[in-house]
Amino acid sequence: MEGCAQEGQVKLLGVDYSPFVVRVRIALSLKGIHYEFIEEDIQNKSELLLQSNPVHKKIPVLIHNGKPVCESMIIVQYIEEAWDNKAPNLMPKDPYDRAIARFWAAFIDDKLLPSTLRTFKGQGEEQQKAVEESVANLLLLEEVLQSTGKAYFGGDEIGLVDIALGGLLVTIQTVEKVTNIVLTDTQKMPLLCAWADKFCKAHKVKEALPDRAKFFELMSARRAKLTSPPAGNLKGGG
Amino acid sequence: MAMEAYGQVKLLGAGWSPFVLRVRVALALKCIEYEFVEENLKTKSELLLKSNPVHKKIPVLIHNGNPVCESMIIVQYMEEAWGNKAPNLMPKDPYDRAIARFWAAFIDDKLVPCIRGVFMVQGEQQQKAVQLLVANFLVLEEALRTNPCFSGKLYFGGEDIGFVDIALGGLSAFVKALEKVTNSVLIDEEKMPLLSAWMDRFCEADGVKEVMPDPAMLREFISARIVRFTSPPAAN
């Protein structure tokens with residue numbers, strides 16, 4: 001049988017505040033996989049990063065026994081499949097449940113993440129629109145929890161969608177603090193707020209989350225730059 | 001090996017859609033019988049709105065009453081639900097699967113928005129969109145040439161059509177029609193010999209050629225919409 005308990009050599013190229021990197025760190029932590037974290041300087045990317053992700057030149061990159069895997073949710077699925085004998089399982093077994101999990105992970109990347117970023121970067125009417133979209137997107141996720149009645153999107157345990165959203169959690173909460181806008185209203189989204197609370201405190205998750213104070217400082221500085229004329233042209237990290 | 005009944009399969013879609021074509025190719029390759037329900041996007045059916053309430057988009061695969069949305073998620077679902085039905089559309093090895101997903105994501109995240117760009121603007125802006133699209137096709141050409149997973153093989157999937165081939169191939173008819181309508185060259189045989197050859201091979205493959213949309217219908221569809229997008233006030 002292939003895949004014994006040996007992990008092989010695992011490296012993760014990233015920055016600790018990136019939600020995409022956080023996702024991968026959560027998955028590695030849950031699976032108990034030891035790895036070397038290589039902190040990248042986004043303004044001065046390493047040879048290893050450029051070589052490992054020549055197409056996008058972005059983090060995170062997981063390098064397993066010298067072979068690079070790119071794109072956070074692709075990395076998470078890779079971790080699940082390469083170490084499928086290692087509990088916990090991050091994906092459901094049933095093909096339909098897997099399709100649903102992938103759907104919501106894609107929704108988070110294609111809809112929630114962009115609207116959150118627009119909330120952070122926007123001003124005035126543009127920002128208002130982004131806030132409305134973000135709230136609508138979060139409400140759809142609230143509905144998912146309502147319909148399943150489970151603590152996590154993955155059911156009783158953390159799964160793919162929890163990791164997809166969980167990686168973004170500190171980002172969303174920091175955007176709220178920096179812009180002084182509530183996206184996750186406990187009255188409108190009680191289940192989602194309870195989920196966020198439970199997730200952040202979960203064993204093996206909290207160690208993977210970024211330093212909130214440091215991240216708040218970073219985001220405040222970026223926001224200040226964006227909102228002071230002339231507006232800086234800001235490239236997002238990652 | 002036991003013959004498994006694959007259940008009731010419906011596909012909600014439209015003949016012009018490259019995303020729907022991806023799913024039709026996968027269904028054809030797996031020899032899955034299904035009912036095709038042609039949707040008119042101006043008057044979406046109750047079934048579509050109920051099956052994809054979040055995006056209200058096609059394609060939607062409904063398997064035994066359960067809807068699956070998003071073309072490449074549908075293809076993965078088909079591979080997993082009908083894993084015993086040859087051919088396999090995804091590699092077995094986790095690393096190869098990650099590579100396949102990477103390139104499918106590249107096609108969706110980089111190529112598709114560029115195609116939309118070419119489609120929705122005119123003049124100088126369209127020229128820019130064409131340039132960006134060509135640059136992204138060149139990345140794929142380079143991948144075919146130098147990536148050890150793909151180089152020297154007939155398809156991105158190896159000797160047979162696989163996940164990445166379906167992701168890209170679904171777009172092929174649309175891209176060809178777009179070239180004709182906009183009078184531009186997107187896949188230049190000289191600059192992209194491997195990609196060109198791949199496209200010919202894909203479009204002629206058994207299972208694929210039978211589901212390819214009528215090129216004249218596609219050209220008409222694109223012409224009508226391009227006119228609509230570029231006449232004021234600009235349609236969203």
# chains A, B, ... in the order shown; residues from 1 in each chain; ligands from 1
>>> residues_around(residues="range 158-164 of chain A", least_positions_apart="5", cutoff="6 Å", atoms="only C-alpha atoms", output="list in words")
Arg23, Leu90, Met91, Ala101, Ala105, Tyr152 and Phe153 of chain A
>>> interface_residues(of="chain B", to="chain A", cutoff="9 Å", atoms="only C-alpha atoms", output="PyMOL selection string")
chain B and resi 54+66-70+73-74+76-81+93-95+97-99+101-102+105-106+139
>>> closest_residue(among="B:Lys153, B:Arg145, B:Lys57, B:Lys180", to="Arg219 in chain B", atoms="only C-alpha atoms")
B:Lys180
>>> residues_around(residues="Leu209 in chain A", least_positions_apart="2", cutoff="12 Å", atoms="only C-alpha atoms", output="VMD selection string")
chain A and resid 15 to 27 29 163 166 to 171 199 to 207 211 to 215
>>> select_by_dssp(residues="range 53-207 of chain A", states="helix (DSSP H, G or I)", output="VMD selection string")
chain A and resid 72 to 82 95 to 121 124 to 148 160 to 179 190 to 201 206 to 207
>>> closest_residue(among="A:Leu218, A:Tyr35, A:Thr227, A:Pro88", to="Gly124 in chain A", atoms="only C-alpha atoms")
A:Thr227
>>> residues_around(residues="Lys177 in chain A", least_positions_apart="5", cutoff="9 Å", atoms="only C-alpha atoms", output="PyMOL selection string")
chain A and resi 172+182+216+220
>>> write_last_selection(atoms="all heavy atoms", output="mmCIF file, in the first residue's frame")
data_model
loop_
_atom_site.group_PDB
_atom_site.id
_atom_site.type_symbol
_atom_site.label_atom_id
_atom_site.label_comp_id
_atom_site.auth_asym_id
_atom_site.auth_seq_id
_atom_site.Cartn_x
_atom_site.Cartn_y
_atom_site.Cartn_z
ATOM 1 N N ILE A 172 -11.563 39.076 7.214
ATOM 2 C CA ILE A 172 -12.897 39.694 7.267
ATOM 3 C C ILE A 172 -13.044 40.510 8.553
ATOM 4 O O ILE A 172 -13.483 41.669 8.528
ATOM 5 C CB ILE A 172 -14.012 38.625 7.190
ATOM 6 C CG1 ILE A 172 -14.024 37.977 5.810
ATOM 7 C CG2 ILE A 172 -15.377 39.228 7.506
ATOM 8 C CD1 ILE A 172 -14.965 36.795 5.669
ATOM 9 N N VAL A 182 -19.770 46.702 10.038
ATOM 10 C CA VAL A 182 -20.095 45.345 10.478
ATOM 11 C C VAL A 182 -20.565 44.525 9.283
ATOM 12 O O VAL A 182 -21.549 44.855 8.624
ATOM 13 C CB VAL A 182 -21.186 45.358 11.570
ATOM 14 C CG1 VAL A 182 -21.593 43.937 11.919
ATOM 15 C CG2 VAL A 182 -20.701 46.102 12.802
ATOM 16 N N PHE A 216 -3.911 43.911 11.855
ATOM 17 C CA PHE A 216 -4.700 45.143 11.953
ATOM 18 C C PHE A 216 -3.843 46.359 11.594
ATOM 19 O O PHE A 216 -4.270 47.237 10.846
ATOM 20 C CB PHE A 216 -5.280 45.293 13.367
ATOM 21 C CG PHE A 216 -6.018 46.581 13.566
ATOM 22 C CD1 PHE A 216 -7.313 46.739 13.086
ATOM 23 C CD2 PHE A 216 -5.417 47.663 14.239
ATOM 24 C CE1 PHE A 216 -8.000 47.944 13.254
ATOM 25 C CE2 PHE A 216 -6.110 48.850 14.405
ATOM 26 C CZ PHE A 216 -7.394 48.998 13.919
ATOM 27 N N SER A 220 -4.561 48.687 8.469
ATOM 28 C CA SER A 220 -4.851 50.102 8.735
ATOM 29 C C SER A 220 -3.960 50.985 7.886
ATOM 30 O O SER A 220 -4.420 51.964 7.298
ATOM 31 C CB SER A 220 -4.611 50.450 10.207
ATOM 32 O OG SER A 220 -5.445 49.701 11.011
#
>>> residues_around(residues="Phe163 in chain B", least_positions_apart="4", cutoff="10 Å", atoms="only C-alpha atoms", output="list in words")
Arg22, Ala26, Met72, Val75, Gln76, Glu79, Asn88, Leu89, Met90, Pro91, Arg97, Ala100, Arg101, Trp103, Ala104, Tyr155, Phe156, Gly157, Ala167, Leu168 and Gly169 of chain B
>>> write_last_selection(atoms="C-alpha atoms", output="mmCIF file, in the first residue's frame")
data_model
loop_
_atom_site.group_PDB
_atom_site.id
_atom_site.type_symbol
_atom_site.label_atom_id
_atom_site.label_comp_id
_atom_site.auth_asym_id
_atom_site.auth_seq_id
_atom_site.Cartn_x
_atom_site.Cartn_y
_atom_site.Cartn_z
ATOM 1 C CA ARG B 22 -17.352 21.016 -21.336
ATOM 2 C CA ALA B 26 -17.461 14.679 -20.488
ATOM 3 C CA MET B 72 -15.463 21.882 -13.806
ATOM 4 C CA VAL B 75 -16.823 17.221 -14.477
ATOM 5 C CA GLN B 76 -15.140 16.221 -11.198
ATOM 6 C CA GLU B 79 -15.581 11.410 -12.571
ATOM 7 C CA ASN B 88 -10.957 8.316 -16.473
ATOM 8 C CA LEU B 89 -11.050 12.069 -16.828
ATOM 9 C CA MET B 90 -8.733 12.772 -13.888
ATOM 10 C CA PRO B 91 -5.338 11.237 -13.180
ATOM 11 C CA ARG B 97 -4.488 15.801 -9.987
ATOM 12 C CA ALA B 100 -4.662 19.206 -13.624
ATOM 13 C CA ARG B 101 -6.695 21.373 -11.233
ATOM 14 C CA TRP B 103 -4.315 24.396 -15.226
ATOM 15 C CA ALA B 104 -8.106 24.141 -15.226
ATOM 16 C CA TYR B 155 -3.314 15.738 -24.739
ATOM 17 C CA PHE B 156 -2.868 17.569 -21.439
ATOM 18 C CA GLY B 157 -4.324 14.377 -19.958
ATOM 19 C CA ALA B 167 -11.571 22.741 -19.535
ATOM 20 C CA LEU B 168 -9.807 24.228 -22.558
ATOM 21 C CA GLY B 169 -11.556 22.252 -25.251
#
>>> closest_residue(among="B:Leu12, B:Val112, B:Cys203, B:Ala86", to="Leu49 in chain B", atoms="only C-alpha atoms")
B:Leu12
>>> atom_distance(atom1="CA of Asp214 in chain B", atom2="CA of Trp16 in chain B")
8.7 Å
>>> select_by_dssp(residues="range 39-93 of chain B", states="strand (DSSP E or B)", output="list of chain:residue names")
B:Asn40, B:Thr43, B:Val60, B:Leu61, B:Ile62, B:His63, B:Asn66, B:Pro67, B:Val68, B:Cys69
>>> write_last_selection(atoms="N, CA, C and O atoms", output="CSV table (one decimal), in the first residue's frame")
chain,number,residue,atom,x,y,z
B,40,ASN,N,-33.2,29.3,-22.2
B,40,ASN,CA,-33.2,30.6,-22.8
B,40,ASN,C,-32.8,31.5,-21.6
B,40,ASN,O,-33.6,31.7,-20.7
B,43,THR,N,-35.3,34.1,-20.3
B,43,THR,CA,-36.5,33.6,-19.6
B,43,THR,C,-36.1,32.2,-19.0
B,43,THR,O,-36.4,31.2,-19.5
B,60,VAL,N,-26.2,23.2,-15.4
B,60,VAL,CA,-26.5,22.5,-14.2
B,60,VAL,C,-26.7,21.0,-14.6
B,60,VAL,O,-27.5,20.8,-15.5
B,61,LEU,N,-26.0,20.1,-13.9
B,61,LEU,CA,-26.3,18.7,-14.1
B,61,LEU,C,-27.2,18.3,-13.0
B,61,LEU,O,-26.9,18.5,-11.8
B,62,ILE,N,-28.3,17.6,-13.3
B,62,ILE,CA,-29.2,17.1,-12.3
B,62,ILE,C,-29.2,15.6,-12.3
B,62,ILE,O,-29.6,15.0,-13.3
B,63,HIS,N,-28.6,15.0,-11.3
B,63,HIS,CA,-28.4,13.6,-11.3
B,63,HIS,C,-29.3,13.0,-10.2
B,63,HIS,O,-29.2,13.3,-9.0
B,66,ASN,N,-30.6,15.6,-8.0
B,66,ASN,CA,-29.7,16.4,-7.2
B,66,ASN,C,-28.9,17.3,-8.2
B,66,ASN,O,-28.2,16.8,-9.0
B,67,PRO,N,-29.0,18.6,-8.0
B,67,PRO,CA,-28.3,19.5,-8.9
B,67,PRO,C,-26.8,19.7,-8.6
B,67,PRO,O,-26.5,19.9,-7.4
B,68,VAL,N,-26.0,19.7,-9.6
B,68,VAL,CA,-24.5,20.0,-9.4
B,68,VAL,C,-24.3,21.2,-10.4
B,68,VAL,O,-24.7,21.2,-11.5
B,69,CYS,N,-23.6,22.2,-9.9
B,69,CYS,CA,-23.4,23.5,-10.6
B,69,CYS,C,-21.9,23.7,-10.8
B,69,CYS,O,-21.1,23.2,-10.0
>>> closest_residue(among="B:Leu111, B:Ile58, B:Val130, B:Leu138", to="Lys44 in chain B", atoms="only C-alpha atoms")
B:Ile58
>>> closest_residue(among="A:Leu62, A:Leu28, A:Lys11, A:Gln123", to="Ser228 in chain A", atoms="only C-alpha atoms")
A:Gln123
